[in-house]
file structure19.txt (compact mmCIF, C-alpha atoms)
# COMPACT_ATOMS: atom_id res chain seq x y z
CA MET S 1 0.00 0.00 0.00
CA VAL S 2 1.33 3.37 -1.02
CA ARG S 3 1.28 5.94 1.72
CA ARG S 4 0.25 9.39 0.80
CA PRO S 5 2.21 12.32 2.24
CA ALA S 6 0.60 13.99 5.17
CA PHE S 7 -0.42 17.61 4.68
CA LEU S 8 0.34 20.08 7.47
CA THR S 9 -2.35 22.47 8.56
CA GLY S 10 -2.77 25.36 10.92
CA GLY S 11 -0.17 25.75 13.65
CA ALA S 12 1.80 22.74 12.41
CA LEU S 13 2.35 24.49 9.07
CA THR S 14 3.54 27.63 10.77
CA ALA S 15 5.94 25.77 13.02
CA ALA S 16 7.38 23.84 10.10
CA THR S 17 7.82 26.98 8.06
CA LEU S 18 9.66 28.75 10.86
CA SER S 19 11.99 25.81 11.26
CA LEU S 20 13.22 26.01 7.65
CA PRO S 21 16.53 27.82 7.04
CA ARG S 22 16.10 31.35 5.73
CA VAL S 23 17.74 32.52 2.52
CA ALA S 24 19.86 35.56 3.39
CA ARG S 25 18.97 38.77 1.56
CA ALA S 26 21.87 40.00 -0.56
CA ALA S 27 23.64 42.94 0.99
CA PRO S 28 23.58 46.15 -1.09
CA ALA S 29 26.61 46.69 -3.28
CA THR S 30 29.12 49.21 -1.91
CA VAL S 31 30.75 51.56 -4.39
CA LYS S 32 33.89 53.19 -3.01
CA ILE S 33 34.57 56.73 -4.22
CA GLY S 34 38.21 57.66 -3.80
CA TYR S 35 38.24 61.39 -3.13
CA LEU S 36 41.53 63.28 -3.36
CA ASP S 37 41.60 66.95 -2.39
CA SER S 38 43.65 69.66 -0.68
CA PHE S 39 42.73 69.40 2.99
CA SER S 40 46.00 71.06 3.98
CA GLY S 41 48.42 73.36 2.16
CA PRO S 42 47.74 76.63 0.32
CA LEU S 43 44.47 75.45 -1.26
CA ALA S 44 43.01 73.92 1.90
CA ASP S 45 40.22 76.51 2.20
CA ILE S 46 38.83 75.32 -1.13
CA GLY S 47 39.31 71.66 -0.29
CA GLN S 48 37.38 71.99 2.96
CA HIS S 49 34.43 73.60 1.16
CA HIS S 50 34.47 70.81 -1.38
CA HIS S 51 34.62 68.09 1.29
CA THR S 52 31.59 69.45 3.12
CA ALA S 53 29.41 69.39 0.01
CA VAL S 54 30.74 66.04 -1.26
CA SER S 55 29.79 64.46 2.08
CA ILE S 56 26.31 65.99 1.91
CA ALA S 57 25.73 64.60 -1.60
CA VAL S 58 26.96 61.11 -0.67
CA ASP S 59 24.75 61.01 2.43
CA GLU S 60 21.81 62.17 0.36
CA ALA S 61 22.38 59.41 -2.21
CA ASN S 62 22.64 56.75 0.47
CA ARG S 63 19.34 57.82 2.04
CA ALA S 64 17.63 57.75 -1.36
CA ASN S 65 18.78 54.30 -2.56
CA SER S 66 18.98 51.06 -0.60
CA ASN S 67 20.29 48.93 -3.48
CA VAL S 68 23.70 50.61 -3.63
CA LYS S 69 25.73 52.22 -0.88
CA PHE S 70 28.38 54.81 -1.65
CA GLU S 71 31.42 55.01 0.58
CA LEU S 72 33.70 58.04 0.51
CA VAL S 73 37.40 57.32 0.97
CA ALA S 74 39.14 60.68 1.30
CA ALA S 75 42.85 61.51 1.07
CA ASP S 76 44.83 64.74 1.36
CA ASP S 77 47.03 65.75 -1.59
CA THR S 78 48.34 68.84 0.33
CA SER S 79 48.16 70.72 -3.03
CA ARG S 80 51.35 68.92 -4.13
CA PRO S 81 51.46 66.69 -7.23
CA ALA S 82 53.94 64.20 -5.74
CA ILE S 83 51.76 63.67 -2.66
CA GLY S 84 48.64 63.51 -4.81
CA THR S 85 50.14 60.80 -7.01
CA THR S 86 51.23 58.75 -3.97
CA GLU S 87 47.79 59.02 -2.40
CA ALA S 88 46.05 58.16 -5.68
CA ARG S 89 48.17 54.99 -5.95
CA ARG S 90 47.15 54.06 -2.41
CA LEU S 91 43.48 54.68 -3.10
CA ILE S 92 43.59 52.54 -6.24
CA GLY S 93 45.96 49.80 -5.12
CA GLN S 94 45.26 49.44 -1.39
CA GLU S 95 41.81 50.90 -0.79
CA ASN S 96 40.61 49.38 -4.08
CA VAL S 97 38.30 52.31 -4.80
CA ASP S 98 35.91 51.92 -7.71
CA VAL S 99 36.18 55.46 -9.09
CA LEU S 100 38.24 58.57 -8.36
CA MET S 101 37.13 62.12 -7.70
CA LEU S 102 39.74 64.91 -7.71
CA GLY S 103 39.18 68.20 -5.93
CA THR S 104 41.08 71.44 -6.29
CA SER S 105 44.62 71.56 -7.65
CA SER S 106 45.23 71.67 -11.40
CA ALA S 107 48.79 70.48 -10.87
CA VAL S 108 47.61 67.46 -8.88
CA THR S 109 44.99 66.66 -11.53
CA LEU S 110 47.58 66.84 -14.30
CA ALA S 111 49.81 64.45 -12.32
CA VAL S 112 47.09 61.98 -11.27
CA GLY S 113 45.28 61.88 -14.62
CA PRO S 114 47.90 59.72 -16.39
CA LEU S 115 48.02 57.37 -13.39
CA ALA S 116 44.25 56.94 -13.48
CA ALA S 117 44.48 56.28 -17.24
CA GLN S 118 47.20 53.65 -16.81
CA SER S 119 45.19 51.99 -14.03
CA GLY S 120 41.88 52.02 -15.90
CA VAL S 121 40.03 54.01 -13.21
CA PHE S 122 37.26 56.41 -14.16
CA THR S 123 37.94 59.89 -12.74
CA VAL S 124 35.98 63.12 -12.44
CA ALA S 125 37.56 66.42 -11.38
CA ILE S 126 35.54 68.94 -9.37
CA GLY S 127 37.39 72.24 -9.36
CA PRO S 128 40.78 72.36 -11.16
CA GLN S 129 40.70 74.90 -13.98
CA ASP S 130 43.92 74.75 -16.01
CA THR S 131 42.78 74.56 -19.63
CA SER S 132 45.14 71.75 -20.65
CA ILE S 133 43.25 69.26 -18.42
CA THR S 134 40.61 69.16 -21.14
CA GLY S 135 43.06 70.26 -23.83
CA GLU S 136 46.35 68.80 -24.94
CA LYS S 137 46.76 66.80 -21.70
CA ALA S 138 43.26 65.31 -21.71
CA GLN S 139 42.79 61.75 -20.45
CA ARG S 140 40.07 59.48 -21.81
CA VAL S 141 39.15 58.28 -18.30
CA LEU S 142 38.79 61.83 -16.90
CA TYR S 143 36.03 64.42 -17.13
CA ARG S 144 36.36 67.91 -15.62
CA PHE S 145 33.47 69.98 -14.21
CA ALA S 146 34.89 73.45 -13.44
CA PRO S 147 34.96 76.01 -16.25
CA ASN S 148 38.47 76.08 -17.70
CA VAL S 149 40.60 79.21 -17.81
CA GLU S 150 39.62 80.00 -21.39
CA MET S 151 35.93 79.99 -20.41
CA GLN S 152 36.69 82.35 -17.51
CA VAL S 153 38.72 84.67 -19.73
CA ARG S 154 35.82 84.94 -22.18
CA ALA S 155 33.52 85.87 -19.30
CA VAL S 156 35.65 88.60 -17.69
CA SER S 157 38.02 90.04 -20.28
CA GLN S 158 35.68 92.62 -21.80
CA ARG S 159 34.81 93.96 -18.35
CA LEU S 160 38.51 94.35 -17.52
CA LEU S 161 39.25 96.04 -20.84
CA ALA S 162 36.42 98.50 -20.21
CA VAL S 163 38.16 99.86 -17.10
CA GLY S 164 41.67 100.08 -18.54
CA LYS S 165 44.16 98.68 -21.04
CA LYS S 166 47.39 98.93 -19.09
CA TRP S 167 47.52 95.74 -17.05
CA TYR S 168 49.88 94.60 -14.31
CA PHE S 169 49.78 90.89 -13.41
CA ILE S 170 50.46 89.09 -10.13
CA ILE S 171 50.67 85.35 -10.78
CA ASP S 172 50.92 82.26 -8.60
CA ASP S 173 53.57 79.85 -9.81
CA PHE S 174 51.36 76.85 -10.52
CA ALA S 175 49.46 75.48 -13.51
CA TYR S 176 46.25 77.48 -13.12
CA GLY S 177 47.98 80.81 -12.42
CA LYS S 178 50.36 80.55 -15.36
CA ASP S 179 47.58 79.45 -17.73
CA ALA S 180 45.42 82.43 -16.68
CA TYR S 181 48.33 84.85 -17.13
CA ALA S 182 49.21 83.57 -20.62
CA ARG S 183 45.63 83.90 -21.86
CA LEU S 184 44.82 87.26 -20.27
CA SER S 185 48.16 88.74 -21.36
CA ALA S 186 47.29 87.77 -24.93
CA VAL S 187 43.83 89.35 -24.55
CA VAL S 188 45.12 92.79 -23.55
CA LYS S 189 47.70 92.81 -26.34
CA ARG S 190 45.12 91.82 -28.98
CA ALA S 191 42.91 94.67 -27.74
CA GLY S 192 45.67 97.21 -28.33
CA GLY S 193 46.59 97.51 -24.68
CA ARG S 194 49.84 96.54 -23.02
CA GLU S 195 51.25 94.53 -20.19
CA VAL S 196 52.94 97.00 -17.82
CA GLY S 197 54.61 94.35 -15.67
CA SER S 198 54.21 90.99 -13.97
CA ASP S 199 55.38 89.10 -10.90
CA LEU S 200 55.47 85.31 -10.58
CA LEU S 201 55.27 84.33 -6.91
CA PRO S 202 55.09 81.02 -5.02
CA LEU S 203 51.64 79.60 -4.29
CA GLY S 204 50.98 80.38 -0.64
CA THR S 205 52.74 83.78 -0.63
CA ASN S 206 51.88 85.91 2.41
CA ASP S 207 53.67 89.18 1.65
CA PHE S 208 52.93 90.86 -1.70
CA SER S 209 54.64 94.15 -0.83
CA SER S 210 57.49 93.82 -3.34
CA ALA S 211 55.07 93.32 -6.23
CA LEU S 212 52.72 96.03 -5.01
CA THR S 213 55.60 98.49 -4.69
CA LYS S 214 56.47 97.92 -8.35
CA LEU S 215 52.80 98.28 -9.24
CA LYS S 216 52.67 101.59 -7.35
CA ASP S 217 55.59 102.93 -9.37
CA SER S 218 54.04 101.87 -12.70
CA ASP S 219 51.40 103.55 -14.84
CA ALA S 220 49.08 100.53 -14.72
CA ASP S 221 45.36 101.17 -14.54
CA VAL S 222 44.34 97.55 -13.80
CA LEU S 223 45.88 94.94 -11.49
CA VAL S 224 44.97 91.49 -12.78
CA LEU S 225 45.23 88.64 -10.28
CA CYS S 226 46.06 85.13 -11.49
CA LEU S 227 46.21 83.57 -8.05
CA GLY S 228 44.84 80.54 -6.22
CA GLY S 229 43.63 79.69 -2.75
CA PHE S 230 43.61 82.44 -0.14
CA ASP S 231 46.44 84.28 -1.95
CA GLY S 232 43.86 86.43 -3.71
CA ALA S 233 42.33 87.70 -0.48
CA LYS S 234 45.75 88.43 1.05
CA CYS S 235 46.89 90.32 -2.04
CA ALA S 236 43.63 92.28 -2.29
CA LYS S 237 43.85 93.39 1.34
CA GLN S 238 47.45 94.54 0.91
CA PHE S 239 46.44 96.29 -2.33
CA VAL S 240 44.04 98.41 -0.25
CA ASP S 241 46.59 98.86 2.55
CA PHE S 242 48.93 100.41 -0.04
CA GLY S 243 46.12 102.77 -1.08
CA LEU S 244 46.31 101.49 -4.66
CA HIS S 245 42.54 100.99 -4.92
CA LYS S 246 42.17 104.77 -5.18
CA ARG S 247 43.70 104.90 -8.67
CA ILE S 248 43.98 101.30 -9.98
CA LYS S 249 41.15 98.86 -10.70
CA LEU S 250 41.30 95.24 -9.54
CA GLY S 251 40.14 92.07 -11.27
CA GLY S 252 41.08 88.61 -12.42
CA VAL S 253 40.06 84.98 -12.78
CA SER S 254 37.72 83.16 -10.42
CA GLY S 255 40.36 81.31 -8.40
CA SER S 256 41.83 84.65 -7.37
CA MET S 257 38.71 85.78 -5.54
CA GLU S 258 36.53 82.98 -4.18
CA ASP S 259 33.06 84.11 -3.16
CA TYR S 260 33.65 83.44 0.55
CA TYR S 261 36.71 85.73 0.73
CA TRP S 262 34.49 88.59 1.92
CA LYS S 263 35.48 87.48 5.42
CA GLY S 264 39.08 88.53 4.77
CA ILE S 265 38.95 91.52 2.41
CA PRO S 266 37.90 95.19 2.75
CA SER S 267 34.80 94.81 0.58
CA ASP S 268 33.70 98.44 0.76
CA GLU S 269 37.01 99.65 -0.68
CA LEU S 270 37.00 96.92 -3.36
CA ALA S 271 33.33 97.22 -4.37
CA GLY S 272 32.99 97.01 -8.15
CA SER S 273 36.20 95.00 -8.68
CA THR S 274 35.45 92.45 -11.40
CA PHE S 275 36.32 88.78 -11.46
CA ALA S 276 35.22 85.74 -13.37
CA ILE S 277 32.77 83.78 -11.22
CA ASN S 278 31.41 80.31 -11.85
CA TRP S 279 28.00 80.47 -10.16
CA ALA S 280 25.73 82.67 -8.10
CA PRO S 281 22.41 82.05 -6.31
CA SER S 282 20.74 84.73 -8.45
CA VAL S 283 21.34 83.19 -11.89
CA SER S 284 18.19 80.99 -11.98
CA ASP S 285 15.29 79.70 -9.91
CA SER S 286 17.06 76.36 -9.52
CA ALA S 287 20.18 78.17 -8.28
CA ARG S 288 18.16 80.01 -5.65
CA LYS S 289 16.61 76.76 -4.43
CA LEU S 290 19.99 75.03 -4.31
CA ALA S 291 21.54 77.96 -2.45
CA ALA S 292 18.83 77.79 0.20
CA LYS S 293 19.31 74.03 0.55
CA LEU S 294 23.09 74.23 0.84
CA LYS S 295 22.85 77.09 3.34
CA ARG S 296 20.57 74.99 5.51
CA LEU S 297 22.78 71.89 5.30
CA THR S 298 26.15 73.64 5.71
CA ASN S 299 25.02 76.36 8.13
CA ASP S 300 27.09 78.71 5.98
CA ALA S 301 26.63 81.30 3.25
CA PRO S 302 26.11 79.94 -0.29
CA SER S 303 29.38 79.29 -2.10
CA GLY S 304 30.41 78.34 -5.62
CA ARG S 305 32.69 75.68 -4.16
CA TYR S 306 29.77 74.08 -2.30
CA TYR S 307 27.89 74.23 -5.60
CA PHE S 308 30.75 72.62 -7.53
CA ALA S 309 31.24 69.69 -5.19
CA TYR S 310 27.57 68.97 -4.54
CA THR S 311 26.75 69.00 -8.26
CA VAL S 312 29.71 66.87 -9.34
CA THR S 313 29.13 64.22 -6.68
CA GLY S 314 25.48 63.99 -7.63
CA GLN S 315 26.40 63.66 -11.29
CA LEU S 316 28.97 60.94 -10.60
CA ILE S 317 26.41 58.91 -8.68
CA ASP S 318 23.75 59.52 -11.35
CA ARG S 319 26.08 58.36 -14.13
CA LEU S 320 27.13 55.28 -12.13
CA HIS S 321 23.47 54.30 -11.99
CA ALA S 322 23.06 55.09 -15.70
CA ALA S 323 26.04 52.92 -16.65
CA GLY S 324 25.01 50.17 -14.25
CA THR S 325 28.64 49.35 -13.62
CA THR S 326 31.93 50.68 -12.27
CA LYS S 327 33.75 49.72 -15.49
CA ALA S 328 35.66 52.78 -16.70
CA ASP S 329 34.80 52.67 -20.39
CA ALA S 330 31.09 52.28 -19.61
CA LEU S 331 31.23 55.32 -17.34
CA VAL S 332 33.06 57.37 -19.98
CA ALA S 333 30.22 56.53 -22.39
CA ALA S 334 27.56 57.35 -19.77
CA PHE S 335 29.01 60.85 -19.31
CA ALA S 336 29.52 61.56 -23.02
CA ASP S 337 27.30 64.49 -24.10
CA HIS S 338 24.99 63.94 -21.12
CA LYS S 339 22.91 67.03 -20.34
CA PHE S 340 21.85 67.80 -16.78
CA GLU S 341 20.46 70.43 -14.42
CA ALA S 342 23.41 72.73 -13.76
CA TYR S 343 21.50 75.19 -11.54
CA LYS S 344 22.03 77.94 -14.11
CA GLN S 345 20.01 79.42 -16.97
CA ASN S 346 21.05 76.67 -19.36
CA PRO S 347 21.63 72.94 -18.79
CA GLY S 348 25.18 71.69 -18.36
CA MET S 349 26.68 69.08 -20.67
CA TRP S 350 29.64 66.72 -20.29
CA ARG S 351 31.09 67.25 -23.75
CA ALA S 352 32.44 64.09 -25.37
CA CYS S 353 34.99 65.74 -27.66
CA ASP S 354 37.19 67.13 -24.86
CA HIS S 355 35.58 65.89 -21.60
CA GLN S 356 34.95 69.47 -20.48
CA CYS S 357 31.67 70.30 -18.78
CA VAL S 358 29.99 73.00 -20.86
CA GLN S 359 28.16 75.45 -18.61
CA ASP S 360 27.28 79.13 -18.31
CA ASN S 361 29.99 81.37 -16.86
CA TYR S 362 29.83 84.88 -15.43
CA ALA S 363 31.58 88.13 -14.58
CA GLY S 364 30.90 89.30 -11.05
CA ALA S 365 31.48 92.64 -9.31
CA ILE S 366 32.36 92.65 -5.60
CA LEU S 367 29.52 94.05 -3.50
CA SER S 368 29.87 96.42 -0.57
CA ASN S 369 29.38 94.84 2.85
CA LYS S 370 25.85 96.21 3.16
CA ALA S 371 24.85 94.96 -0.30
CA ARG S 372 26.47 91.58 0.33
CA GLU S 373 24.52 91.10 3.53
CA LYS S 374 21.28 91.76 1.67
CA ALA S 375 22.18 89.48 -1.26
CA ASP S 376 23.81 86.82 0.96
CA PHE S 377 26.51 86.54 -1.69
CA MET S 378 29.74 88.41 -2.39
CA PHE S 379 29.23 89.20 -6.10
CA GLU S 380 26.68 90.89 -8.29
CA VAL S 381 26.47 89.20 -11.68
CA VAL S 382 27.38 91.86 -14.27
CA GLY S 383 28.02 89.68 -17.32
CA GLU S 384 27.02 86.25 -18.58
CA VAL S 385 28.49 83.99 -21.25
CA PRO S 386 26.35 80.98 -22.21
CA GLY S 387 28.13 77.65 -21.96
CA VAL S 388 28.17 76.95 -25.68
CA VAL S 389 29.84 80.33 -26.29
CA GLY S 390 32.34 80.12 -23.45
CA ALA S 391 33.42 76.57 -24.22
CA GLY S 392 33.76 77.28 -27.93
CA ARG S 393 33.60 74.56 -30.58
CA CYS S 394 35.08 71.09 -30.65
CA SER S 395 37.17 72.29 -33.60
CA ASP S 396 38.79 75.07 -31.51
CA THR S 397 42.44 74.70 -30.53
CA ASP S 398 42.09 73.36 -26.99
CA ALA S 399 39.16 71.03 -27.62
CA SER S 400 40.63 69.61 -30.83
CA ALA S 401 43.91 68.96 -29.00
CA ALA S 402 41.95 66.98 -26.41
CA THR S 403 40.21 64.98 -29.14
CA VAL S 404 43.55 64.07 -30.70
CA ALA S 405 45.11 63.17 -27.35
CA MET S 406 42.23 60.90 -26.33
CA ALA S 407 42.00 59.22 -29.74
CA ALA S 408 45.44 57.70 -29.12
CA GLN S 409 44.44 56.30 -25.72
CA LYS S 410 42.89 52.97 -24.78
CA ILE S 411 41.36 52.29 -21.40
CA PRO S 412 42.96 49.15 -19.91
CA ASP S 413 41.20 46.63 -17.71
CA ARG S 414 42.10 47.03 -14.05
CA THR S 415 44.46 44.39 -12.77
CA GLY S 416 43.00 42.33 -9.92
CA TYR S 417 39.79 44.37 -9.83
CA GLU S 418 36.27 42.95 -9.72
CA ILE S 419 33.82 45.14 -11.62
CA LYS S 420 30.70 46.00 -9.63
CA LYS S 421 27.13 46.25 -10.78
CA VAL S 422 25.39 49.44 -9.72

call {"tool": "encode", "arguments": {"input": "structure19.txt", "output": "structure tokens"}}
result
Amino acid sequence: MVRRPAFLTGGALTAATLSLPRVARAAPATVKIGYLDSFSGPLADIGQHHHTAVSIAVDEANRANSNVKFELVAADDTSRPAIGTTEARRLIGQENVDVLMLGTSSAVTLAVGPLAAQSGVFTVAIGPQDTSITGEKAQRVLYRFAPNVEMQVRAVSQRLLAVGKKWYFIIDDFAYGKDAYARLSAVVKRAGGREVGSDLLPLGTNDFSSALTKLKDSDADVLVLCLGGFDGAKCAKQFVDFGLHKRIKLGGVSGSMEDYYWKGIPSDELAGSTFAINWAPSVSDSARKLAAKLKRLTNDAPSGRYYFAYTVTGQLIDRLHAAGTTKADALVAAFADHKFEAYKQNPGMWRACDHQCVQDNYAGAILSNKAREKADFMFEVVGEVPGVVGAGRCSDTDASAATVAMAAQKIPDRTGYEIKKV
């Protein structure tokens, strides 16, 4: 006689079910973002702003998505290329990060870019602005967000020419400063003006008196700053201390006068001084909303550097999801010509031909202390250059050099690395 299996009912069924082994739910994938920035050294003020906003964006992404967790692995490049390269090797080889994000220094980015390319690690740069990063020294694995020097020059040069054509330059001796000087010097000469003099000083200079003394003895009508980090604020303060603001106008590129330097400069005496700026809360409705959000989350005044880092981190995470993988060539393709909300009048775009982010750029005039308090921002926007105009065409000199450089490159597979699904 064949016995039929007994069927469990009621409490017996429940007890039997509970006694069965449970299948463990798969843990969410963890994507490690190696983040290299200047947390010490002459560019540390910028690096700290970046770090705050990067952390906010990563936390925000982790709260929004339970399928993937993003882990930030930060390292200090001290604004020095040799240290940056050593730390990048550690992040890739020992920390086994999935992607790299670079922060502030152009020189560090130019040093780390080839290493990332050789290692097959996708990389996005937040704030370095030397034009060659997305020009002749472009790397296929690397995209850059910040407007390059050429974009800044196109935004501010006409404003500077309007106040005078005899320019004196003070330049920091690093990639960004020298690039800005070369391009602005060419601008004034093409416009029929002249370069009265120039001083090349170490990044991190504290005393600008020797250069300002020569400026005082010249017939310059504009002092053009091509500086980085807090050097711009120090030089501007000493410029006023020398009384030079009474007869000479002041201006320069964006790195020379970050929008949070109002804490360290005599704004009333420098009101109207014109610099390239990369963003302002007033440029669009989305910018105003973002500024309010970042102010609430940072407990600080809105800043272009908060904007940079928050936007780039969000874009990196968005493109990781779009690619569905941490594989470098898939991420490069996911960024290529992708348009996104740039919190400006026009969308931003990660341009495929040179890996430069195309975005609107501005000229800003320093506000008096009273006006700044009302605006909650250091600059009034006095000129705008749409992204497609500022970035130029893919056939222009810098972009075409990037296209040629990247055409000769192949992205290698990472040795000993397990690609992750996102």

call {"tool": "residues_around", "arguments": {"input": "structure19.txt", "residues": "S:Pro114", "least_positions_apart": "4", "cutoff": "10 Å", "atoms": "all atoms listed in the file", "output": "PyMOL selection string"}}
result
chain S and resi 85+109-110+118-120+137-142

call {"tool": "write_last_selection", "arguments": {"input": "structure19.txt", "atoms": "C-alpha atoms", "output": "CSV table (one decimal), in the frame of the given file"}}
result
chain,number,residue,atom,x,y,z
S,85,THR,CA,50.1,60.8,-7.0
S,109,THR,CA,45.0,66.7,-11.5
S,110,LEU,CA,47.6,66.8,-14.3
S,118,GLN,CA,47.2,53.6,-16.8
S,119,SER,CA,45.2,52.0,-14.0
S,120,GLY,CA,41.9,52.0,-15.9
S,137,LYS,CA,46.8,66.8,-21.7
S,138,ALA,CA,43.3,65.3,-21.7
S,139,GLN,CA,42.8,61.8,-20.4
S,140,ARG,CA,40.1,59.5,-21.8
S,141,VAL,CA,39.2,58.3,-18.3
S,142,LEU,CA,38.8,61.8,-16.9

call {"tool": "closest_residue", "arguments": {"input": "structure19.txt", "among": "S:Leu212, S:Met257, S:Ala301, S:Val97", "to": "S:Glu418", "atoms": "all atoms listed in the file"}}
result
S:Val97

call {"tool": "residues_around", "arguments": {"input": "structure19.txt", "residues": "S:Arg194", "least_positions_apart": "4", "cutoff": "8 Å", "atoms": "all atoms listed in the file", "output": "VMD selection string"}}
result
chain S and resid 165 to 167 188 to 189

call {"tool": "atom_distance", "arguments": {"input": "structure19.txt", "atom1": "atom CA of S:Leu316", "atom2": "atom CA of S:Ala61"}}
result
10.8 Å

call {"tool": "closest_residue", "arguments": {"input": "structure19.txt", "among": "S:Gly197, S:Gly272, S:Pro202, S:Gly252", "to": "S:Ala155", "atoms": "all atoms listed in the file"}}
result
S:Gly252

call {"tool": "closest_residue", "arguments": {"input": "structure19.txt", "among": "S:Leu294, S:Leu250, S:Ala365, S:Met349", "to": "S:Gly383", "atoms": "all atoms listed in the file"}}
result
S:Ala365

call {"tool": "closest_residue", "arguments": {"input": "structure19.txt", "among": "S:Lys339, S:Arg305, S:Arg351, S:Lys295", "to": "S:Asp376", "atoms": "only C-alpha atoms"}}
result
S:Lys295

call {"tool": "closest_residue", "arguments": {"input": "structure19.txt", "among": "S:Phe335, S:Tyr343, S:Tyr176, S:Phe169", "to": "S:Tyr310", "atoms": "only C-alpha atoms"}}
result
S:Tyr343

call {"tool": "atom_distance", "arguments": {"input": "structure19.txt", "atom1": "atom CA of S:Val58", "atom2": "atom CA of S:Gly416"}}
result
26.4 Å

call {"tool": "residues_around", "arguments": {"input": "structure19.txt", "residues": "S:Lys69", "least_positions_apart": "4", "cutoff": "8 Å", "atoms": "only C-alpha atoms", "output": "VMD selection string"}}
result
chain S and resid 28 to 31 62 65

call {"tool": "atom_distance", "arguments": {"input": "structure19.txt", "atom1": "atom CA of S:Gln129", "atom2": "atom CA of S:Tyr261"}}
result
18.7 Å

call {"tool": "closest_residue", "arguments": {"input": "structure19.txt", "among": "S:Lys214, S:His338, S:His50, S:Arg159", "to": "S:Tyr143", "atoms": "all atoms listed in the file"}}
result
S:His338

call {"tool": "residues_near_point", "arguments": {"input": "structure19.txt", "point": "(50.7, 93.4, -19.2)", "cutoff": "12 Å", "atoms": "only C-alpha atoms", "output": "ChimeraX atom specification"}}
result
/S:161,164-171,181-199,215,218-225

call {"tool": "residues_around", "arguments": {"input": "structure19.txt", "residues": "S:Ala236", "least_positions_apart": "4", "cutoff": "12 Å", "atoms": "all atoms listed in the file", "output": "PyMOL selection string"}}
result
chain S and resi 170+206-209+212+223-227+230-232+240-245+248-252+256-258+261-262+264-267+269-271+273+366

call {"tool": "residues_near_point", "arguments": {"input": "structure19.txt", "point": "(41.1, 61.5, 0.9)", "cutoff": "7 Å", "atoms": "only C-alpha atoms", "output": "list in words"}}
result
Gly34, Tyr35, Leu36, Asp37, Val73, Ala74, Ala75 and Asp76 of chain S

call {"tool": "residues_around", "arguments": {"input": "structure19.txt", "residues": "stretch 395-405 of chain S", "least_positions_apart": "6", "cutoff": "10 Å", "atoms": "only C-alpha atoms", "output": "ChimeraX atom specification"}}
result
/S:131-140,150,351-356

call {"tool": "write_last_selection", "arguments": {"input": "structure19.txt", "atoms": "C-alpha atoms", "output": "PDB file, in the coordinates of the input"}}
result
ATOM      1  CA  THR S 131      42.780  74.560 -19.630  1.00  0.00           C
ATOM      2  CA  SER S 132      45.140  71.750 -20.650  1.00  0.00           C
ATOM      3  CA  ILE S 133      43.250  69.260 -18.420  1.00  0.00           C
ATOM      4  CA  THR S 134      40.610  69.160 -21.140  1.00  0.00           C
ATOM      5  CA  GLY S 135      43.060  70.260 -23.830  1.00  0.00           C
ATOM      6  CA  GLU S 136      46.350  68.800 -24.940  1.00  0.00           C
ATOM      7  CA  LYS S 137      46.760  66.800 -21.700  1.00  0.00           C
ATOM      8  CA  ALA S 138      43.260  65.310 -21.710  1.00  0.00           C
ATOM      9  CA  GLN S 139      42.790  61.750 -20.450  1.00  0.00           C
ATOM     10  CA  ARG S 140      40.070  59.480 -21.810  1.00  0.00           C
ATOM     11  CA  GLU S 150      39.620  80.000 -21.390  1.00  0.00           C
ATOM     12  CA  ARG S 351      31.090  67.250 -23.750  1.00  0.00           C
ATOM     13  CA  ALA S 352      32.440  64.090 -25.370  1.00  0.00           C
ATOM     14  CA  CYS S 353      34.990  65.740 -27.660  1.00  0.00           C
ATOM     15  CA  ASP S 354      37.190  67.130 -24.860  1.00  0.00           C
ATOM     16  CA  HIS S 355      35.580  65.890 -21.600  1.00  0.00           C
ATOM     17  CA  GLN S 356      34.950  69.470 -20.480  1.00  0.00           C
TER      18      GLN S 356
END

call {"tool": "decode", "arguments": {"input": "structure19.txt", "residues": "stretch 393-400 of chain S", "atoms": "N, CA and C atoms", "output": "PDB file, in the first residue's frame"}}
result
ATOM      1  N   ARG S 393      33.958  75.722 -29.772  1.00  0.00           N
ATOM      2  CA  ARG S 393      33.598  74.563 -30.584  1.00  0.00           C
ATOM      3  C   ARG S 393      34.599  73.436 -30.397  1.00  0.00           C
ATOM      4  N   CYS S 394      34.171  72.247 -30.736  1.00  0.00           N
ATOM      5  CA  CYS S 394      35.078  71.095 -30.653  1.00  0.00           C
ATOM      6  C   CYS S 394      36.242  71.223 -31.628  1.00  0.00           C
ATOM      7  N   SER S 395      36.090  72.075 -32.625  1.00  0.00           N
ATOM      8  CA  SER S 395      37.169  72.292 -33.598  1.00  0.00           C
ATOM      9  C   SER S 395      38.160  73.362 -33.150  1.00  0.00           C
ATOM     10  N   ASP S 396      37.871  74.058 -32.026  1.00  0.00           N
ATOM     11  CA  ASP S 396      38.794  75.069 -31.515  1.00  0.00           C
ATOM     12  C   ASP S 396      40.075  74.417 -31.001  1.00  0.00           C
ATOM     13  N   THR S 397      41.090  75.217 -30.814  1.00  0.00           N
ATOM     14  CA  THR S 397      42.435  74.702 -30.535  1.00  0.00           C
ATOM     15  C   THR S 397      42.495  73.761 -29.340  1.00  0.00           C
ATOM     16  N   ASP S 398      41.975  74.189 -28.193  1.00  0.00           N
ATOM     17  CA  ASP S 398      42.094  73.365 -26.989  1.00  0.00           C
ATOM     18  C   ASP S 398      41.273  72.084 -27.100  1.00  0.00           C
ATOM     19  N   ALA S 399      40.023  72.205 -27.532  1.00  0.00           N
ATOM     20  CA  ALA S 399      39.163  71.032 -27.620  1.00  0.00           C
ATOM     21  C   ALA S 399      39.666  70.034 -28.658  1.00  0.00           C
ATOM     22  N   SER S 400      40.137  70.538 -29.802  1.00  0.00           N
ATOM     23  CA  SER S 400      40.634  69.614 -30.831  1.00  0.00           C
ATOM     24  C   SER S 400      41.901  68.914 -30.372  1.00  0.00           C
TER      25      SER S 400
END
